[in-house]
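Report on the following structure.
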Amino acid sequence: LSVFILLISSVLLLSTFQLLFYKIKEQLMILRALGASVKQVGRIVKLQLSLIISFGVLLGTTMSLLVIKIWLPQLIHVLHLPEARTELPIVFVLLIAVVSFFILQIMTQWQVAKSSRLLPLQIASDNEDLGLQWTKWKTIMVSVLAVIASLLLLQANLAGTGSNQGALFILIGTLLVCGIILLVIPYLFTAVLQMALKPIRKVLGKEAFLACQQLMPQVRKNMPIVLSIIGLMVILTFGSSLMKTLQHNDLAFTESQYETAVKIHNELNDPSLTPAVIKEMEALPSVQYAYAQSNNAYIALKLGQEWLPENYTTIDIKKYVQVEKLPKIEGNLHDGLLVTKSFAQRHKLMLGDHVTVGTYNFEAQQDMPTGELQIIGIVDAPIHHAELIVDWSSFLTSQDQTIIEDIMVETAHPQQTIDDLAFLEERWPALKFTDKATMIEQSNEMFMQRWSLFVGVFIILIVATCLGVFQTLLHTIYTKRGDYAIQRLIGLSPNGLMKLILTQVLSFVLYGLTIGTFIGLVLTRMLAFIDDGSPMSYDLLTIGITSITLLGSTLIVFALQGYWISRQKLANEIVDI
């Protein structure tokens, strides 16, 4: 967020400086004509730009200090966040302000150099040469970047996407891919617009055709506007998708931990808690059913001539079948074994196979056989993170002194059931009672706390971006009043002029929204490879609402400006030219 906010701030600063440069270009022309040197003009431009940056940094720093001292304590109280110190980290704040100042200065140095080197006639004609041209050097640069990105992503796959090295390669490769897309898209946009001119004229009329025709030379000039919107949508897409993914993953984790409405956890692994307590619990009127799960214990399987170390868990198989968590199991549970489908495929095991089991003998320093189990069932997924499952009646439970880790209790009234089970706490004080509904509620509350902080930052970013974009576009439209007056003279109606203005403005906004969302989705999807296998969710609702809001605001603002310009007396507009 911080990096993209700085980038958007830099782009908006360049856009603001373009407005300033437009207003002072006549002064620069006169100064250059009178003999002002490149260094003198550069000093003037740099001073003006530095003043803008300094004012913004000082104002932003002052407001952040007020937020920390006044708004943050209130936010902590409203969002029910843990108590936190709100002392002013003055050294850290000043360091951020200084670093931000220098980054913004560096980002705008090319504009200073460009302004100071221009000759008087170049300043007057600078806005005329606005076409995008694809050069040989750009082809070489894109090709080199594409090769580097491909090699990095390939190396990440070889090193393992989950490793530190693989994650770094994916991050750098993803940024390079996004940079290539950002570099190539303007040229594709211009080419597609060129091919679409005739269909646009047939379908949308001459005003839309004229607007798109005039749009192409302005693509480079208005790139700061487009980049601002693209940066905004990248932050929104990545941030909102990350938040939604966290929400879904938290919910999925809670669902996996709570197979029933209430869960009782044996925190101290008390061995005196036995499956016999289940009958007492099911005798309560508020309890529908209950079952116990053990901790995962060590087991060794002798497959061929080698011992395979594994973990197994113990469950009530009959109860699992009864509540339809498992298919019907045929066989003797005393020496029976359930295995997962993937485990059976890896080791070429089938129903009815007998396997020798053992445990580690510390005196002999090797695995020793303790009995034999028969595979009586093959299940689809692991249970309690174990691929080997036995019943509480298995001979392994007496050998290994299996301990109950969790008791799952199904009920329609969780709080009533917890109250009814209070007698268990008298016998085993270390038992921890929790219910799924409360855990989900707490998870949602934590998510809303994080989401509120993200939304607060993002609303400020949206407002700042919109103000910068609208300011630049309003000024651009206003300075072209002379061109619009000439077009009205040759037959363009007032309503046609409004349509032309709206088409041009909406084209840039739509372009930024579309490309920004696309790059955001690419960035999110590619970075998700770092944690490959974890599900990724996209918050399309938030993206859609933000896009519609931005488009709606653009439509209202420039419909009003277009109406005002198109209703001006043509004689007055010609005089102003």
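FYI, nothing fancy with the structure tokens labels: chains A, B, ... in order, residues from 1 per chain, ligands from 1 as they appear.
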Given only C-alpha atoms, how would the per-residue table for region 522-546 of chain A near region 498-518 of chain A read, listing every residue at most 9 Å away with its closest atom pair and distance in Å to one decimal, sorted by chain and number, as CSV?
residue,atom,partner,partner_atom,distance
A:Val522,CA,A:Phe518,CA,6.2
A:Leu523,CA,A:Phe518,CA,8.6
A:Ile543,CA,A:Thr517,CA,7.9
Next on the checklist: Give me, as a count of residues only, all polymer residues having an atom no more than 10 Å from Leu521 (chain A), counting only C-alpha atoms and skipping those fewer than 6 positions away in the same chain.
Outcome noted: 8
Checklist entry - Can you list, as a ChimeraX atom specification, every protein, DNA or RNA residue that comes within 8 Å of region 357-374 of chain A when you count only C-alpha atoms, leaving out same-chain residues fewer than 2 positions away? => result /A:298-302,307,335-337,352-355,376
With N, CA, C and O atoms retained, could you export that selection as a PDB file, in the first residue's frame?
ATOM      1  N   TYR A 298       2.280 -42.168  16.905  1.00  0.00           N
ATOM      2  CA  TYR A 298       3.253 -42.763  15.975  1.00  0.00           C
ATOM      3  C   TYR A 298       2.907 -44.230  15.722  1.00  0.00           C
ATOM      4  O   TYR A 298       2.501 -44.969  16.624  1.00  0.00           O
ATOM      5  N   ILE A 299       3.076 -44.610  14.457  1.00  0.00           N
ATOM      6  CA  ILE A 299       2.915 -46.015  14.080  1.00  0.00           C
ATOM      7  C   ILE A 299       3.902 -46.310  12.958  1.00  0.00           C
ATOM      8  O   ILE A 299       4.214 -45.436  12.142  1.00  0.00           O
ATOM      9  N   ALA A 300       4.388 -47.538  12.915  1.00  0.00           N
ATOM     10  CA  ALA A 300       5.286 -47.969  11.840  1.00  0.00           C
ATOM     11  C   ALA A 300       4.605 -49.092  11.067  1.00  0.00           C
ATOM     12  O   ALA A 300       4.060 -50.026  11.661  1.00  0.00           O
ATOM     13  N   LEU A 301       4.591 -48.951   9.734  1.00  0.00           N
ATOM     14  CA  LEU A 301       4.026 -49.990   8.868  1.00  0.00           C
ATOM     15  C   LEU A 301       5.154 -50.694   8.142  1.00  0.00           C
ATOM     16  O   LEU A 301       6.046 -50.036   7.583  1.00  0.00           O
ATOM     17  N   LYS A 302       5.106 -52.008   8.118  1.00  0.00           N
ATOM     18  CA  LYS A 302       6.121 -52.762   7.389  1.00  0.00           C
ATOM     19  C   LYS A 302       5.583 -53.067   5.996  1.00  0.00           C
ATOM     20  O   LYS A 302       4.695 -53.900   5.813  1.00  0.00           O
ATOM     21  N   TRP A 307      10.389 -50.398   6.992  1.00  0.00           N
ATOM     22  CA  TRP A 307       9.416 -49.818   7.901  1.00  0.00           C
ATOM     23  C   TRP A 307       9.107 -48.386   7.466  1.00  0.00           C
ATOM     24  O   TRP A 307      10.013 -47.603   7.201  1.00  0.00           O
ATOM     25  N   ASP A 335      -9.059 -55.102  14.852  1.00  0.00           N
ATOM     26  CA  ASP A 335      -7.792 -55.120  14.117  1.00  0.00           C
ATOM     27  C   ASP A 335      -7.961 -54.502  12.729  1.00  0.00           C
ATOM     28  O   ASP A 335      -7.244 -54.845  11.790  1.00  0.00           O
ATOM     29  N   GLY A 336      -8.921 -53.593  12.631  1.00  0.00           N
ATOM     30  CA  GLY A 336      -9.192 -52.943  11.343  1.00  0.00           C
ATOM     31  C   GLY A 336      -8.434 -51.631  11.190  1.00  0.00           C
ATOM     32  O   GLY A 336      -8.069 -50.974  12.173  1.00  0.00           O
ATOM     33  N   LEU A 337      -8.222 -51.223   9.946  1.00  0.00           N
ATOM     34  CA  LEU A 337      -7.490 -49.990   9.622  1.00  0.00           C
ATOM     35  C   LEU A 337      -8.149 -49.304   8.430  1.00  0.00           C
ATOM     36  O   LEU A 337      -8.470 -49.954   7.435  1.00  0.00           O
ATOM     37  N   GLY A 352      -8.854 -55.414   2.267  1.00  0.00           N
ATOM     38  CA  GLY A 352      -8.571 -56.792   2.652  1.00  0.00           C
ATOM     39  C   GLY A 352      -7.103 -57.081   2.871  1.00  0.00           C
ATOM     40  O   GLY A 352      -6.758 -58.139   3.428  1.00  0.00           O
ATOM     41  N   ASP A 353      -6.216 -56.158   2.429  1.00  0.00           N
ATOM     42  CA  ASP A 353      -4.778 -56.379   2.628  1.00  0.00           C
ATOM     43  C   ASP A 353      -4.436 -56.340   4.120  1.00  0.00           C
ATOM     44  O   ASP A 353      -5.029 -55.571   4.892  1.00  0.00           O
ATOM     45  N   HIS A 354      -3.475 -57.163   4.509  1.00  0.00           N
ATOM     46  CA  HIS A 354      -2.972 -57.165   5.881  1.00  0.00           C
ATOM     47  C   HIS A 354      -1.599 -56.496   5.911  1.00  0.00           C
ATOM     48  O   HIS A 354      -0.755 -56.744   5.035  1.00  0.00           O
ATOM     49  N   VAL A 355      -1.397 -55.652   6.905  1.00  0.00           N
ATOM     50  CA  VAL A 355      -0.101 -54.976   7.043  1.00  0.00           C
ATOM     51  C   VAL A 355       0.399 -55.182   8.478  1.00  0.00           C
ATOM     52  O   VAL A 355      -0.369 -55.154   9.442  1.00  0.00           O
ATOM     53  N   ILE A 376      -9.853 -52.266   6.197  1.00  0.00           N
ATOM     54  CA  ILE A 376     -11.299 -52.513   6.072  1.00  0.00           C
ATOM     55  C   ILE A 376     -12.034 -51.353   5.399  1.00  0.00           C
ATOM     56  O   ILE A 376     -13.250 -51.416   5.214  1.00  0.00           O
TER      57      ILE A 376
END
Could you name the residues that touch Ile315 (chain A) at 12 Å or less, counting only C-alpha atoms, but leaving out those on the same chain fewer than 5 positions away, as a compact mmCIF listing (two decimals) with N, CA and C atoms, in the first residue's frame?
# COMPACT_ATOMS: atom_id res chain seq x y z
N PRO A 275 -13.37 -42.56 26.50
CA PRO A 275 -14.58 -42.55 25.67
C PRO A 275 -15.86 -42.89 26.43
N ALA A 290 -22.37 -37.15 20.20
CA ALA A 290 -21.01 -36.73 20.52
C ALA A 290 -20.05 -37.86 20.15
N TYR A 291 -18.82 -37.48 19.85
CA TYR A 291 -17.77 -38.47 19.59
C TYR A 291 -16.42 -37.89 19.94
N ALA A 292 -15.47 -38.77 20.21
CA ALA A 292 -14.13 -38.36 20.65
C ALA A 292 -13.11 -38.59 19.55
N GLN A 293 -12.10 -37.71 19.50
CA GLN A 293 -10.96 -37.86 18.59
C GLN A 293 -9.68 -37.88 19.43
N SER A 294 -8.76 -38.73 19.02
CA SER A 294 -7.51 -38.82 19.76
C SER A 294 -6.46 -37.88 19.18
N ASN A 295 -5.35 -37.79 19.88
CA ASN A 295 -4.19 -37.13 19.30
C ASN A 295 -3.57 -38.06 18.24
N ASN A 296 -2.71 -37.52 17.41
CA ASN A 296 -2.07 -38.34 16.38
C ASN A 296 -0.86 -39.05 17.00
N TYR A 320 -19.16 -42.27 13.25
CA TYR A 320 -18.91 -41.55 12.00
C TYR A 320 -19.81 -42.07 10.88
N VAL A 321 -20.00 -43.39 10.83
CA VAL A 321 -20.89 -43.98 9.82
C VAL A 321 -22.33 -43.58 10.11
N LYS A 325 -20.57 -39.30 8.17
CA LYS A 325 -19.26 -38.72 7.89
C LYS A 325 -18.35 -39.73 7.19
N LEU A 326 -18.75 -41.00 7.24
CA LEU A 326 -18.03 -42.07 6.55
C LEU A 326 -19.04 -43.00 5.90
N LEU A 333 -13.43 -54.16 13.76
CA LEU A 333 -12.81 -52.90 14.15
C LEU A 333 -11.64 -53.12 15.10
N LEU A 337 -8.22 -51.22 9.95
CA LEU A 337 -7.49 -49.99 9.62
C LEU A 337 -8.15 -49.30 8.43
N LEU A 338 -8.37 -48.00 8.54
CA LEU A 338 -8.82 -47.18 7.42
C LEU A 338 -7.64 -46.40 6.88
N ILE A 383 -8.43 -37.70 8.15
CA ILE A 383 -9.24 -37.32 9.30
C ILE A 383 -8.29 -36.86 10.40
N HIS A 384 -8.52 -35.65 10.88
CA HIS A 384 -7.66 -35.10 11.93
C HIS A 384 -6.20 -35.07 11.46
N ALA A 386 -4.61 -37.07 9.64
CA ALA A 386 -3.95 -38.38 9.59
C ALA A 386 -4.53 -39.20 8.44
N LEU A 388 -4.06 -42.50 8.33
CA LEU A 388 -4.35 -43.81 8.91
C LEU A 388 -5.31 -43.62 10.07
N ILE A 389 -6.40 -44.40 10.09
CA ILE A 389 -7.44 -44.22 11.10
C ILE A 389 -7.81 -45.57 11.68
N VAL A 390 -7.93 -45.62 13.02
CA VAL A 390 -8.40 -46.84 13.68
C VAL A 390 -9.54 -46.48 14.62
N ASP A 391 -10.22 -47.50 15.12
CA ASP A 391 -11.35 -47.31 16.03
C ASP A 391 -10.86 -47.37 17.48
N TRP A 392 -11.70 -46.81 18.39
CA TRP A 392 -11.34 -46.83 19.81
C TRP A 392 -11.23 -48.26 20.34
N SER A 393 -11.87 -49.20 19.67
CA SER A 393 -11.79 -50.60 20.12
C SER A 393 -10.54 -51.31 19.60
N SER A 394 -9.71 -50.64 18.82
CA SER A 394 -8.51 -51.25 18.25
C SER A 394 -7.52 -51.63 19.34
N THR A 397 -4.98 -48.92 20.80
CA THR A 397 -5.28 -47.92 21.84
C THR A 397 -4.74 -48.35 23.20
N THR A 402 -3.69 -44.38 24.11
CA THR A 402 -4.23 -43.27 23.32
C THR A 402 -5.00 -42.29 24.21
N ILE A 403 -4.79 -41.01 23.97
CA ILE A 403 -5.40 -39.94 24.77
C ILE A 403 -6.43 -39.20 23.92
N ILE A 404 -7.56 -38.89 24.53
CA ILE A 404 -8.58 -38.07 23.84
C ILE A 404 -8.07 -36.63 23.76
N GLU A 405 -8.07 -36.11 22.56
CA GLU A 405 -7.65 -34.72 22.37
C GLU A 405 -8.85 -33.79 22.28
N ASP A 406 -9.88 -34.20 21.50
CA ASP A 406 -11.08 -33.37 21.32
C ASP A 406 -12.33 -34.23 21.43
N ILE A 407 -13.39 -33.63 21.95
CA ILE A 407 -14.71 -34.25 21.93
C ILE A 407 -15.64 -33.30 21.17
N MET A 408 -16.26 -33.81 20.12
CA MET A 408 -17.18 -33.04 19.30
C MET A 408 -18.62 -33.32 19.74
Next on the checklist: Please identify the strand (DSSP E) residues within region 167-345 of chain A (assignment by DSSP from backbone atoms) and present them as a PyMOL selection string.
Outcome noted: chain A and resi 262-266+289-294+297-303+306-315+336-340
Next on the checklist: Here is a test: counting only C-alpha atoms, which residue of A:Val78, A:Val98, A:Val147, A:Ile44 is nearest to Leu58 (chain A)?
Outcome noted: A:Val98
Item to check | Residues flagged alpha helix (DSSP H) by DSSP in region 196-389 of chain A, as a PyMOL selection string | outcome: chain A and resi 197-204+206-215+223-257+277-282+317-322+341-347
Checklist entry - Which neighbours of region 433-440 of chain A fall inside 9 Å, counting only C-alpha atoms, when residues of the same chain fewer than 5 positions from it are skipped, and could you give them as JSON, numbers by chain? => result {"A": [250, 251, 254, 255, 257, 258, 259, 260, 261, 262, 263, 264, 265, 414, 415, 418, 445]}
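Among the candidate residues A:Thr546, A:Gln247, A:Asn164, A:Thr465, the one lying nearest to Met446 (chain A) is A:Gln247, with distances computed using only C-alpha atoms.
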